[in-house]
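What's in entry-v8.txt: compact mmCIF, C-alpha atoms
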```txt
# COMPACT_ATOMS: atom_id res chain seq x y z
CA MET H 15 8.13 34.59 -50.58
CA GLY H 16 4.76 32.93 -51.36
CA GLY H 17 6.10 29.71 -49.86
CA ASN H 18 7.02 31.49 -46.63
CA LYS H 19 3.54 33.00 -46.31
CA LYS H 20 1.99 29.57 -46.80
CA LEU H 21 4.27 28.08 -44.17
CA ILE H 22 3.37 30.85 -41.70
CA LYS H 23 -0.34 30.25 -42.32
CA ILE H 24 0.10 26.52 -41.70
CA LEU H 25 2.03 27.20 -38.51
CA ILE H 26 -0.65 29.64 -37.29
CA ALA H 27 -3.40 27.10 -38.11
CA LEU H 28 -1.50 24.34 -36.23
CA PHE H 29 -0.99 26.65 -33.29
CA ILE H 30 -4.72 27.50 -33.19
CA ILE H 31 -5.61 23.79 -33.34
CA PHE H 32 -3.10 23.07 -30.59
CA LEU H 33 -4.51 25.87 -28.41
CA THR H 34 -8.06 24.61 -29.00
CA ILE H 35 -7.14 21.06 -27.98
CA GLU H 36 -5.28 22.34 -24.92
CA SER H 37 -8.18 24.59 -23.94
CA VAL H 38 -10.80 21.86 -24.32
CA GLY H 39 -8.65 19.37 -22.45
CA TYR H 40 -7.82 21.89 -19.73
CA TYR H 41 -11.53 22.71 -19.35
CA LEU H 42 -12.44 19.01 -19.07
CA GLY H 43 -9.67 18.54 -16.54
CA THR H 44 -10.57 21.43 -14.31
CA CYS H 45 -14.34 21.43 -14.61
CA LYS H 46 -15.49 20.25 -11.17
CA SER H 47 -18.93 18.70 -11.32
CA SER H 48 -20.39 17.60 -8.03
CA PRO H 49 -19.89 14.00 -6.92
CA GLY H 50 -22.70 11.64 -6.02
CA ASP H 51 -22.44 12.18 -2.26
CA LYS H 52 -24.78 15.17 -2.11
CA VAL H 53 -28.22 14.37 -0.77
CA LYS H 54 -31.36 15.79 -2.35
CA THR H 55 -33.01 18.47 -0.20
CA GLU H 56 -36.29 16.60 0.22
CA HIS H 57 -34.48 13.48 1.58
CA LYS H 58 -32.01 15.38 3.77
CA PRO H 59 -31.68 13.82 7.24
CA SER H 60 -31.05 16.18 10.14
CA LEU H 61 -27.58 16.80 11.54
CA ASN H 62 -28.54 14.97 14.75
CA ILE H 63 -29.52 11.88 12.81
CA LEU H 64 -26.23 12.02 10.93
CA LYS H 65 -24.33 12.28 14.22
CA GLN H 66 -26.23 9.31 15.67
CA LYS H 67 -25.55 7.29 12.53
CA ASN H 68 -21.88 8.29 12.76
CA SER H 69 -21.61 6.97 16.34
CA ALA H 70 -23.40 3.74 15.43
CA LEU H 71 -21.13 3.18 12.43
CA LYS H 72 -18.02 3.81 14.51
CA ARG H 73 -19.21 1.25 17.05
CA LYS H 74 -19.88 -1.26 14.30
CA LEU H 75 -16.40 -0.71 12.81
CA ALA H 76 -14.79 -0.97 16.25
CA SER H 77 -16.44 -4.39 16.70
CA TYR H 78 -14.07 -5.74 14.03
CA ASN H 79 -10.97 -4.41 15.84
CA PRO H 80 -8.73 -6.98 17.49
CA HIS H 81 -9.26 -7.26 21.24
CA GLY H 82 -6.27 -7.13 23.55
CA ILE H 83 -2.70 -7.42 22.28
CA TYR H 84 -2.04 -7.88 18.59
CA ILE H 85 1.07 -8.02 16.42
CA VAL H 86 1.74 -5.76 13.44
CA ILE H 87 4.57 -6.55 11.01
CA ASP H 88 5.71 -3.94 8.50
CA SER H 89 7.61 -6.06 5.99
CA SER H 90 8.86 -3.04 4.02
CA MET H 91 10.59 -1.59 7.09
CA ASN H 92 11.30 -4.94 8.78
CA ARG H 93 9.61 -3.90 11.99
CA LEU H 94 7.41 -5.80 14.41
CA TYR H 95 5.07 -4.01 16.79
CA LEU H 96 3.10 -5.31 19.75
CA LYS H 97 0.03 -3.15 20.01
CA LYS H 98 -3.02 -2.74 22.20
CA GLY H 99 -5.73 -0.53 20.75
CA ASN H 100 -3.91 2.33 19.07
CA LYS H 101 -0.95 2.13 21.43
CA THR H 102 2.38 0.54 20.55
CA ILE H 103 3.71 -1.26 23.60
CA PHE H 104 6.79 -2.85 22.05
CA GLU H 105 8.82 -2.54 18.85
CA ALA H 106 11.44 -4.85 17.38
CA ILE H 107 13.69 -4.92 14.33
CA VAL H 108 13.10 -8.10 12.38
CA SER H 109 13.85 -9.71 9.03
CA CYS H 110 11.14 -10.52 6.54
CA GLY H 111 11.00 -12.34 3.21
CA SER H 112 13.59 -11.63 0.52
CA GLY H 113 11.17 -11.80 -2.40
CA ASN H 114 13.63 -14.07 -4.22
CA MET H 115 12.62 -17.00 -6.39
CA LEU H 116 13.95 -20.51 -6.44
CA LYS H 117 13.27 -23.00 -9.20
CA ASP H 118 13.50 -26.73 -8.77
CA PRO H 119 16.09 -28.00 -11.32
CA SER H 120 13.45 -30.48 -12.49
CA GLY H 121 11.42 -27.43 -13.53
CA LYS H 122 8.28 -28.70 -11.85
CA ARG H 123 8.30 -26.50 -8.77
CA GLN H 124 9.01 -22.90 -7.96
CA TRP H 125 9.10 -21.02 -4.67
CA VAL H 126 8.75 -17.28 -4.08
CA PHE H 127 10.09 -16.21 -0.70
CA ASP H 128 7.64 -13.49 0.28
CA THR H 129 6.30 -12.95 3.77
CA PRO H 130 2.53 -13.40 3.34
CA VAL H 131 0.33 -10.36 3.91
CA GLY H 132 -3.02 -10.13 5.63
CA GLU H 133 -4.48 -11.11 8.99
CA TYR H 134 -3.30 -14.26 10.75
CA LYS H 135 -3.46 -15.74 14.22
CA VAL H 136 -0.84 -17.35 16.43
CA ARG H 137 -1.62 -21.04 16.03
CA SER H 138 1.27 -22.61 17.87
CA LYS H 139 4.00 -21.74 20.32
CA GLN H 140 7.17 -23.75 20.83
CA THR H 141 10.30 -23.46 22.93
CA SER H 142 13.63 -24.66 21.51
CA PRO H 143 11.98 -25.34 18.18
CA LEU H 144 13.49 -27.73 15.70
CA TRP H 145 13.54 -26.87 12.03
CA THR H 146 12.22 -29.50 9.68
CA LYS H 147 13.96 -28.48 6.49
CA PRO H 148 11.62 -28.33 3.53
CA ASP H 149 12.65 -29.42 0.02
CA TRP H 150 13.55 -25.90 -1.08
CA ALA H 151 16.23 -25.64 1.62
CA PHE H 152 18.08 -28.62 0.15
CA ILE H 153 17.61 -27.41 -3.41
CA GLU H 154 18.90 -23.95 -2.46
CA GLU H 155 22.05 -25.52 -1.00
CA GLY H 156 22.49 -27.55 -4.15
CA GLY H 157 22.12 -30.76 -2.21
CA ALA H 158 19.97 -33.85 -2.60
CA ILE H 159 16.61 -34.10 -0.85
CA PRO H 160 16.92 -36.83 1.83
CA LYS H 161 14.46 -39.68 1.96
CA ASP H 162 14.90 -40.15 5.69
CA PRO H 163 12.73 -37.54 7.47
CA ASN H 164 15.16 -37.49 10.41
CA LYS H 165 17.79 -36.02 8.15
CA ARG H 166 15.62 -32.93 7.70
CA ILE H 167 15.77 -31.94 11.39
CA GLU H 168 18.10 -29.10 12.38
CA LYS H 169 18.54 -27.81 15.92
CA GLY H 170 19.22 -24.28 17.03
CA VAL H 171 18.63 -22.37 13.78
CA LEU H 172 15.20 -21.13 14.85
CA GLY H 173 16.39 -19.68 18.15
CA ASP H 174 14.75 -20.21 21.54
CA TYR H 175 11.10 -19.73 20.56
CA ALA H 176 8.79 -20.00 17.59
CA LEU H 177 5.24 -18.80 17.02
CA GLY H 178 3.52 -20.45 14.09
CA PHE H 179 0.81 -18.68 12.13
CA GLY H 180 -0.06 -21.22 9.52
CA ASN H 181 1.12 -22.63 6.17
CA GLY H 182 4.61 -23.31 7.53
CA TYR H 183 5.31 -19.67 8.47
CA PHE H 184 6.77 -18.76 11.86
CA ILE H 185 7.99 -15.86 13.91
CA HIS H 186 11.23 -17.31 15.21
CA GLY H 187 14.75 -16.55 16.34
CA THR H 188 17.88 -16.34 14.25
CA LEU H 189 21.61 -16.99 14.18
CA TYR H 190 22.06 -14.08 11.76
CA THR H 191 21.40 -11.15 14.07
CA ARG H 192 23.63 -8.89 11.94
CA LEU H 193 21.06 -9.19 9.16
CA LEU H 194 18.11 -8.02 11.25
CA GLY H 195 16.46 -5.06 9.49
CA ARG H 196 17.05 -6.58 6.06
CA ASN H 197 14.80 -8.68 3.87
CA VAL H 198 16.67 -11.96 3.98
CA THR H 199 14.31 -14.75 4.98
CA HIS H 200 12.38 -17.33 3.05
CA GLY H 201 9.10 -15.86 4.25
CA CYS H 202 9.26 -16.34 8.01
CA ILE H 203 9.87 -13.45 10.37
CA ARG H 204 13.18 -13.60 12.19
CA VAL H 205 13.48 -11.76 15.50
CA GLY H 206 16.46 -11.14 17.78
CA ASN H 207 16.55 -13.43 20.85
CA LYS H 208 15.76 -10.84 23.52
CA ASP H 209 12.90 -9.30 21.52
CA LEU H 210 11.57 -12.73 20.61
CA LYS H 211 11.28 -13.63 24.28
CA THR H 212 9.09 -10.56 24.85
CA VAL H 213 6.89 -11.44 21.88
CA TYR H 214 6.63 -15.07 22.95
CA LYS H 215 5.71 -14.17 26.55
CA THR H 216 3.16 -11.55 25.48
CA ALA H 217 1.36 -13.19 22.56
CA GLY H 218 -0.91 -16.13 23.22
CA ILE H 219 -2.56 -18.67 20.96
CA GLY H 220 -5.15 -16.76 18.95
CA THR H 221 -3.30 -13.42 19.08
CA ARG H 222 -3.90 -11.67 15.79
CA ILE H 223 -1.03 -10.86 13.48
CA TYR H 224 -1.30 -8.22 10.75
CA ILE H 225 1.34 -8.26 8.06
CA PHE H 226 1.66 -5.73 5.25
CA MET U 21 -25.17 40.50 11.42
CA LEU U 22 -26.17 39.25 7.97
CA LEU U 23 -22.52 38.46 7.25
CA PHE U 24 -22.23 36.55 10.54
CA PHE U 25 -25.31 34.45 9.78
CA SER U 26 -24.16 33.65 6.26
CA ILE U 27 -20.73 32.55 7.54
CA GLN U 28 -22.41 30.45 10.24
CA ALA U 29 -24.76 28.86 7.67
CA HIS U 30 -21.80 28.01 5.44
CA ALA U 31 -19.92 26.48 8.38
CA ASP U 32 -23.00 24.39 9.32
CA GLU U 33 -23.28 23.19 5.72
CA ASN U 34 -19.62 22.11 5.84
CA VAL U 35 -20.19 20.18 9.09
CA TYR U 36 -23.23 18.51 7.53
CA GLU U 37 -21.36 17.54 4.38
CA ASN U 38 -18.41 16.27 6.45
CA TYR U 39 -20.70 13.96 8.42
CA ILE U 40 -22.21 12.60 5.21
CA LYS U 41 -18.74 11.87 3.84
CA GLN U 42 -17.41 10.47 7.10
CA ASN U 43 -20.41 8.14 7.39
CA LYS U 44 -19.90 6.96 3.85
CA VAL U 45 -16.18 6.28 4.49
CA ILE U 46 -17.02 4.24 7.61
CA GLU U 47 -19.72 2.30 5.74
CA GLU U 48 -17.19 1.35 3.07
CA GLU U 49 -14.62 0.46 5.72
CA ILE U 50 -17.10 -1.82 7.44
CA LYS U 51 -17.48 -3.76 4.18
CA LEU U 52 -13.71 -4.24 3.98
CA SER U 53 -13.26 -4.95 7.70
CA ARG U 54 -15.38 -8.10 7.37
CA LYS U 55 -12.47 -9.72 5.50
CA PRO U 56 -9.04 -10.63 6.95
CA ASP U 57 -7.32 -8.48 4.35
CA ILE U 58 -5.19 -5.37 4.24
CA TYR U 59 -6.89 -2.36 2.67
CA PHE U 60 -6.01 1.27 2.11
CA VAL U 61 -7.73 4.58 2.73
CA PHE U 62 -6.55 7.46 0.58
CA ASP U 63 -7.95 10.40 2.55
CA ILE U 64 -7.19 13.29 0.20
CA GLN U 65 -9.23 15.64 2.38
CA GLU U 66 -7.04 15.01 5.45
CA ASN U 67 -3.84 14.52 3.39
CA LYS U 68 -3.30 11.03 4.78
CA ILE U 69 -2.94 7.53 3.45
CA TYR U 70 -3.78 4.74 5.87
CA ILE U 71 -2.86 1.09 5.59
CA LYS U 72 -5.55 -0.70 7.56
CA SER U 73 -7.15 -3.97 8.48
CA ARG U 74 -10.27 -4.68 10.52
CA GLY U 75 -10.73 -0.96 11.09
CA ILE U 76 -7.34 -0.42 12.74
CA ASN U 77 -4.53 1.76 11.43
CA LEU U 78 -1.45 -0.31 10.69
CA LYS U 79 0.46 2.56 9.13
CA GLU U 80 -0.23 6.24 8.56
CA ILE U 81 1.45 8.20 5.79
CA ASN U 82 1.35 11.97 5.27
CA ILE U 83 0.49 13.28 1.83
CA GLN U 84 2.78 16.23 1.16
CA LYS U 85 0.80 17.62 -1.72
CA SER U 86 -2.21 16.46 -3.70
CA GLY U 87 -4.45 17.48 -6.50
CA TYR U 88 -6.77 16.01 -9.04
CA TRP U 89 -7.68 16.51 -12.64
CA GLY U 90 -11.18 15.85 -13.91
CA SER U 91 -14.39 15.10 -12.04
CA PRO U 92 -14.39 14.49 -8.30
CA VAL U 93 -15.29 10.96 -7.24
CA ALA U 94 -17.81 9.86 -4.64
CA VAL U 95 -16.48 7.95 -1.61
CA SER U 96 -16.21 4.39 -2.79
CA ILE U 97 -14.08 1.24 -2.75
CA PHE U 98 -11.72 1.09 -5.70
CA LYS U 99 -9.94 -2.09 -6.69
CA VAL U 100 -6.40 -1.81 -8.02
CA LYS U 101 -6.16 -3.04 -11.59
CA ASN U 102 -2.43 -2.50 -11.96
CA LYS U 103 0.46 -0.33 -10.93
CA SER U 104 3.05 0.72 -13.42
CA THR U 105 6.43 2.37 -13.34
CA LEU U 106 9.31 3.07 -15.69
CA ILE U 107 11.66 0.45 -14.25
CA LYS U 108 9.84 -2.32 -12.44
CA PRO U 109 11.75 -4.02 -9.60
CA GLU U 110 12.70 -7.57 -10.58
CA ARG U 111 12.93 -10.58 -8.33
CA GLU U 112 16.29 -12.33 -8.11
CA THR U 113 16.33 -16.02 -8.95
CA ILE U 114 18.48 -18.01 -6.54
CA ARG U 115 21.07 -20.24 -8.17
CA PRO U 116 21.09 -23.54 -6.26
CA GLY U 117 24.36 -23.96 -4.39
CA SER U 118 25.36 -20.31 -4.65
CA ASN U 119 24.86 -19.64 -0.90
CA SER U 120 26.44 -22.86 0.39
CA ASN U 121 29.03 -20.85 2.37
CA LYS U 122 26.76 -19.18 4.92
CA ASP U 123 29.51 -17.01 6.38
CA SER U 124 29.95 -15.15 3.11
CA PHE U 125 26.24 -14.52 2.62
CA GLU U 126 25.66 -11.87 -0.03
CA LEU U 127 22.36 -10.13 0.09
CA ASP U 128 20.37 -10.14 -3.13
CA ALA U 129 16.83 -9.36 -2.15
CA LEU U 130 13.95 -7.09 -2.92
CA GLU U 131 14.02 -4.33 -0.36
CA LEU U 132 12.29 -1.02 0.13
CA THR U 133 15.10 0.87 -1.59
CA ASP U 134 14.50 -1.21 -4.74
CA MET U 135 10.94 0.04 -5.00
CA PRO U 136 10.14 2.97 -7.29
CA SER U 137 8.98 6.23 -5.74
CA ARG U 138 7.34 7.43 -8.94
CA PHE U 139 4.55 5.26 -10.32
CA LYS U 140 0.99 5.10 -11.51
CA ILE U 141 -1.93 3.19 -9.97
CA VAL U 142 -4.86 2.39 -12.21
CA PHE U 143 -8.09 1.25 -10.63
CA GLU U 144 -10.64 -1.01 -12.31
CA SER U 145 -13.00 1.95 -12.55
CA GLY U 146 -10.43 3.82 -14.64
CA VAL U 147 -9.52 6.34 -11.94
CA THR U 148 -5.77 6.90 -11.90
CA PHE U 149 -3.32 7.96 -9.24
CA PHE U 150 0.11 9.31 -10.05
CA ILE U 151 2.43 9.03 -7.08
CA ARG U 152 5.67 10.96 -7.03
CA PRO U 153 8.24 11.87 -4.40
CA LEU U 154 9.14 15.23 -2.94
CA PRO U 155 11.93 16.66 -5.05
CA GLU U 156 15.28 15.79 -3.49
CA GLY U 157 18.28 16.26 -5.67
CA PHE U 158 18.63 17.31 -9.27
CA ILE U 159 17.01 14.34 -11.00
CA SER U 160 13.81 14.23 -8.94
CA THR U 161 13.49 18.02 -9.20
CA ILE U 162 13.68 17.74 -13.00
CA GLY U 163 11.21 14.81 -12.92
CA ASN U 164 8.72 16.76 -10.83
CA ALA U 165 9.13 19.86 -12.99
CA PHE U 166 8.28 17.68 -15.99
CA TYR U 167 5.09 16.49 -14.26
CA GLU U 168 4.10 20.05 -13.38
CA SER U 169 4.59 21.22 -16.95
CA SER U 170 2.61 18.26 -18.28
CA LYS U 171 -0.44 19.97 -16.75
CA PHE U 172 -0.39 22.24 -19.76
CA PHE U 173 0.61 19.75 -22.44
CA THR U 174 -0.04 16.03 -22.13
CA ARG U 175 -2.82 16.11 -19.53
CA PRO U 176 -5.30 18.13 -21.62
CA VAL U 177 -4.75 15.75 -24.54
CA SER U 178 -5.25 12.69 -22.33
CA MET U 179 -8.47 14.26 -20.98
CA ILE U 180 -9.86 14.57 -24.49
CA LEU U 181 -8.87 10.99 -25.34
CA LYS U 182 -10.53 9.72 -22.14
CA ALA U 183 -13.66 11.76 -22.86
CA LEU U 184 -13.83 10.27 -26.35
CA LYS U 185 -13.45 6.74 -24.93
CA GLY U 186 -16.05 7.44 -22.24
CA ALA U 187 -13.49 6.63 -19.54
CA PRO U 188 -13.52 8.42 -16.16
CA LEU U 189 -11.65 11.69 -16.34
CA THR U 190 -10.40 11.60 -12.77
CA THR U 191 -6.67 11.55 -12.21
CA PHE U 192 -5.10 12.23 -8.84
CA TYR U 193 -1.60 13.54 -8.23
CA ILE U 194 -0.07 12.68 -4.89
CA VAL U 195 3.32 13.81 -3.63
CA LEU U 196 4.83 11.79 -0.80
CA ASN U 197 8.10 11.58 1.04
CA GLU U 198 10.34 9.27 -1.03
CA ASN U 199 10.35 6.34 1.41
CA ASP U 200 6.61 6.63 1.93
CA ALA U 201 6.05 6.46 -1.83
CA ARG U 202 8.20 3.32 -1.94
CA ALA U 203 6.28 1.84 0.99
CA ILE U 204 3.00 2.37 -0.88
CA TYR U 205 4.40 0.62 -3.97
CA TRP U 206 5.62 -2.22 -1.73
CA SER U 207 2.31 -2.71 0.09
CA LEU U 208 -0.19 -2.07 -2.69
CA SER U 209 -0.80 -4.92 -5.10
CA GLU U 210 -3.22 -5.84 -7.86
CA ASN U 211 -6.71 -6.36 -6.46
CA SER U 212 -5.92 -4.34 -3.32
CA ASP U 213 -8.97 -2.44 -2.09
CA VAL U 214 -8.65 1.31 -1.65
CA ILE U 215 -11.23 3.73 -0.24
CA VAL U 216 -10.80 7.19 -1.72
CA ASN U 217 -12.15 10.16 0.22
CA MET U 218 -11.73 13.57 -1.37
```
For this file, produce the structure as structure tokens.
Amino acid sequence: MGGNKKLIKILIALFIIFLTIESVGYYLGTCKSSPGDKVKTEHKPSLNILKQKNSALKRKLASYNPHGIYIVIDSSMNRLYLKKGNKTIFEAIVSCGSGNMLKDPSGKRQWVFDTPVGEYKVRSKQTSPLWTKPDWAFIEEGGAIPKDPNKRIEKGVLGDYALGFGNGYFIHGTLYTRLLGRNVTHGCIRVGNKDLKTVYKTAGIGTRIYIF
Amino acid sequence: MLLFFSIQAHADENVYENYIKQNKVIEEEIKLSRKPDIYFVFDIQENKIYIKSRGINLKEINIQKSGYWGSPVAVSIFKVKNKSTLIKPERETIRPGSNSNKDSFELDALELTDMPSRFKIVFESGVTFFIRPLPEGFISTIGNAFYESSKFFTRPVSMILKALKGAPLTTFYIVLNENDARAIYWSLSENSDVIVNM
């Protein structure tokens, strides 16, 4: 009987402690103190000045926007967009990097097949491009890396056109059109032949490319 | 008439405050637009997340529901310290020679569907975002119910622990469409810059 009373007292004490902790924590979590954006009354600019500053800032931001046509690539959805301003003028289903890794059996090198993200520019344009197979392509196939550079050249695998944007990455055609919409490449962006022709004809050297 | 004037004064104050915030957001965006990088704007006020570069919207995502716990934060650039989830997507390692028969290509790749839709983003400042999907199906409904109930259990305790450590108390809760949540996990990486406007 005495033991039960003691146990009940302990339970009540624990419950009160628990409620106190919850209350303090809940208060800290919901107490909304003002952020640092509010301006002191004596330094308050007028609404007109704020509006003028707003317009000036928007103009400054707009000066960083790409001019003319630009390319946007959504690597998560495997979509390519040709845009001008805020308007999408063309959309294509593409294939982006698989995210897979390949290790050189010697253990000295490793490749991660991601499509790079950020802002790039079209640096080169080619018709009937030839693929110069890099080392990883031979390693992936389980074959030996040839010493003769001519043995690296493959025709036809890159489709009819290729737009290079640096570091060995291209927007190019593909033989594997059934895989468009999937993340299957080694980092390049593969486009169907008809869509690629549109991109190639529209984008010039210097056209900006945004990849995310 | 007094009521009309007080409502009008309150509305004017809101317009004023909105301009201050908007100007601050644009100022922060200008800093990020100088670099050729992708950045994010988490506009809690408008219920939108923008993936941007050079001041242009690359992608716009609707926030279905949002809330925060702790002190509000001033408009600022936050750098992602890490993102964490229960089961992190793993990269496949290609076995040399395994794809030699191109006709029987089997797809083993990291795709959007491999990304988690429920994860946490911690910024270098200590501010935290919990992202979770709209409940669809039994498991996500249970998961979201757990998060809702944690408001009354684990969150208050974590607030006290943060207060004792002197860490920022601000934690945001964002609910997105499942694919949008995955897209955010896909696109956001460590050291990504995010502007938060609340």
Residues of chain H within 8 Å of chain U, all atoms listed in the file counted, as a ChimeraX atom specification: /H:35-40,42-52,61,64-65,67-68,71-72,74-76,78-80,86,90-91,100,112-117,131-134,153-157,196-198,224,226
Between CA of Phe150 (chain U) and CA of Ser89 (chain H) - distance in Å to one decimal: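 Computing it gives 23.4 Å between the two atoms.
Neighbourhood of point (-6.9, 3.0, -2.1): residues with an atom at most 9 Å away, counting only C-alpha atoms, are Tyr59, Phe60, Val61, Phe62, Asp63, Ile69, Tyr70, Ile71, Ile97, Phe98, Lys99, Val100, Phe143, Leu208, Ser212, Asp213, Val214, Ile215 and Val216 of chain U.
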Could those residues be written to a file, using C-alpha atoms, as a short mmCIF file (atom, residue, chain, number, x, y, z; two decimals), keeping the file's coordinate frame?
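Final file, part-v4.cif:
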```cif
data_model
loop_
_atom_site.label_atom_id
_atom_site.label_comp_id
_atom_site.auth_asym_id
_atom_site.auth_seq_id
_atom_site.Cartn_x
_atom_site.Cartn_y
_atom_site.Cartn_z
CA TYR U 59 -6.89 -2.36 2.67
CA PHE U 60 -6.01 1.27 2.11
CA VAL U 61 -7.73 4.58 2.73
CA PHE U 62 -6.55 7.46 0.58
CA ASP U 63 -7.95 10.40 2.55
CA ILE U 69 -2.94 7.53 3.45
CA TYR U 70 -3.78 4.74 5.87
CA ILE U 71 -2.86 1.09 5.59
CA ILE U 97 -14.08 1.24 -2.75
CA PHE U 98 -11.72 1.09 -5.70
CA LYS U 99 -9.94 -2.09 -6.69
CA VAL U 100 -6.40 -1.81 -8.02
CA PHE U 143 -8.09 1.25 -10.63
CA LEU U 208 -0.19 -2.07 -2.69
CA SER U 212 -5.92 -4.34 -3.32
CA ASP U 213 -8.97 -2.44 -2.09
CA VAL U 214 -8.65 1.31 -1.65
CA ILE U 215 -11.23 3.73 -0.24
CA VAL U 216 -10.80 7.19 -1.72
#
```
Could you name the residues that touch Thr221 (chain H) at 12 Å or less, counting all atoms listed in the file, but leaving out those on the same chain fewer than 6 positions away, as a PDB file with C-alpha atoms, in the frame of the given file?
```pdb
ATOM      1  CA  PRO H  80      -8.730  -6.980  17.490  1.00  0.00           C
ATOM      2  CA  HIS H  81      -9.260  -7.260  21.240  1.00  0.00           C
ATOM      3  CA  GLY H  82      -6.270  -7.130  23.550  1.00  0.00           C
ATOM      4  CA  ILE H  83      -2.700  -7.420  22.280  1.00  0.00           C
ATOM      5  CA  TYR H  84      -2.040  -7.880  18.590  1.00  0.00           C
ATOM      6  CA  ILE H  85       1.070  -8.020  16.420  1.00  0.00           C
ATOM      7  CA  VAL H  86       1.740  -5.760  13.440  1.00  0.00           C
ATOM      8  CA  LEU H  96       3.100  -5.310  19.750  1.00  0.00           C
ATOM      9  CA  LYS H  97       0.030  -3.150  20.010  1.00  0.00           C
ATOM     10  CA  LYS H  98      -3.020  -2.740  22.200  1.00  0.00           C
ATOM     11  CA  GLU H 133      -4.480 -11.110   8.990  1.00  0.00           C
ATOM     12  CA  TYR H 134      -3.300 -14.260  10.750  1.00  0.00           C
ATOM     13  CA  LYS H 135      -3.460 -15.740  14.220  1.00  0.00           C
ATOM     14  CA  VAL H 136      -0.840 -17.350  16.430  1.00  0.00           C
ATOM     15  CA  ARG H 137      -1.620 -21.040  16.030  1.00  0.00           C
ATOM     16  CA  SER H 138       1.270 -22.610  17.870  1.00  0.00           C
ATOM     17  CA  LYS H 139       4.000 -21.740  20.320  1.00  0.00           C
ATOM     18  CA  LEU H 177       5.240 -18.800  17.020  1.00  0.00           C
ATOM     19  CA  GLY H 178       3.520 -20.450  14.090  1.00  0.00           C
ATOM     20  CA  PHE H 179       0.810 -18.680  12.130  1.00  0.00           C
ATOM     21  CA  VAL H 213       6.890 -11.440  21.880  1.00  0.00           C
ATOM     22  CA  TYR H 214       6.630 -15.070  22.950  1.00  0.00           C
ATOM     23  CA  LYS H 215       5.710 -14.170  26.550  1.00  0.00           C
TER      24      LYS H 215
END
```
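Distances from H:Asp88, H:Asp162, H:Asp128, H:Glu105 to Thr146 (chain H) were compared using all atoms listed in the file, and the smallest one belongs to H:Asp162.
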Atomic distance CA of Ala151 (chain H) - CA of Arg192 (chain H), expressed in Å with one decimal: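 Those two atoms sit 21.0 Å apart.
One finds CA of Ser145 (chain U) at 11.5 Å from CA of Gly186 (chain U).
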Region 82-87 of chain U surroundings by only C-alpha atoms, 7 Å radius, close-in-sequence under 4 positions cut, as an MDAnalysis selection string: chainID U and resid 67:69 192:196
Could you name the residues that touch Phe184 (chain H) at 12 Å or less, counting all atoms listed in the file, but leaving out those on the same chain fewer than 2 positions away, as a PDB file with C-alpha atoms, in the frame of the given file?
```
ATOM      1  CA  SER H 109      13.850  -9.710   9.030  1.00  0.00           C
ATOM      2  CA  CYS H 110      11.140 -10.520   6.540  1.00  0.00           C
ATOM      3  CA  GLY H 111      11.000 -12.340   3.210  1.00  0.00           C
ATOM      4  CA  THR H 129       6.300 -12.950   3.770  1.00  0.00           C
ATOM      5  CA  PRO H 130       2.530 -13.400   3.340  1.00  0.00           C
ATOM      6  CA  TYR H 134      -3.300 -14.260  10.750  1.00  0.00           C
ATOM      7  CA  LYS H 135      -3.460 -15.740  14.220  1.00  0.00           C
ATOM      8  CA  VAL H 136      -0.840 -17.350  16.430  1.00  0.00           C
ATOM      9  CA  ARG H 137      -1.620 -21.040  16.030  1.00  0.00           C
ATOM     10  CA  SER H 138       1.270 -22.610  17.870  1.00  0.00           C
ATOM     11  CA  LYS H 139       4.000 -21.740  20.320  1.00  0.00           C
ATOM     12  CA  GLN H 140       7.170 -23.750  20.830  1.00  0.00           C
ATOM     13  CA  PRO H 143      11.980 -25.340  18.180  1.00  0.00           C
ATOM     14  CA  LEU H 144      13.490 -27.730  15.700  1.00  0.00           C
ATOM     15  CA  TRP H 145      13.540 -26.870  12.030  1.00  0.00           C
ATOM     16  CA  LEU H 172      15.200 -21.130  14.850  1.00  0.00           C
ATOM     17  CA  GLY H 173      16.390 -19.680  18.150  1.00  0.00           C
ATOM     18  CA  TYR H 175      11.100 -19.730  20.560  1.00  0.00           C
ATOM     19  CA  ALA H 176       8.790 -20.000  17.590  1.00  0.00           C
ATOM     20  CA  LEU H 177       5.240 -18.800  17.020  1.00  0.00           C
ATOM     21  CA  GLY H 178       3.520 -20.450  14.090  1.00  0.00           C
ATOM     22  CA  PHE H 179       0.810 -18.680  12.130  1.00  0.00           C
ATOM     23  CA  GLY H 180      -0.060 -21.220   9.520  1.00  0.00           C
ATOM     24  CA  ASN H 181       1.120 -22.630   6.170  1.00  0.00           C
ATOM     25  CA  GLY H 182       4.610 -23.310   7.530  1.00  0.00           C
ATOM     26  CA  HIS H 186      11.230 -17.310  15.210  1.00  0.00           C
ATOM     27  CA  GLY H 187      14.750 -16.550  16.340  1.00  0.00           C
ATOM     28  CA  THR H 188      17.880 -16.340  14.250  1.00  0.00           C
ATOM     29  CA  THR H 199      14.310 -14.750   4.980  1.00  0.00           C
ATOM     30  CA  HIS H 200      12.380 -17.330   3.050  1.00  0.00           C
ATOM     31  CA  GLY H 201       9.100 -15.860   4.250  1.00  0.00           C
ATOM     32  CA  CYS H 202       9.260 -16.340   8.010  1.00  0.00           C
ATOM     33  CA  ILE H 203       9.870 -13.450  10.370  1.00  0.00           C
ATOM     34  CA  ARG H 204      13.180 -13.600  12.190  1.00  0.00           C
ATOM     35  CA  VAL H 205      13.480 -11.760  15.500  1.00  0.00           C
ATOM     36  CA  LEU H 210      11.570 -12.730  20.610  1.00  0.00           C
ATOM     37  CA  TYR H 214       6.630 -15.070  22.950  1.00  0.00           C
ATOM     38  CA  ILE H 223      -1.030 -10.860  13.480  1.00  0.00           C
TER      39      ILE H 223
END
```
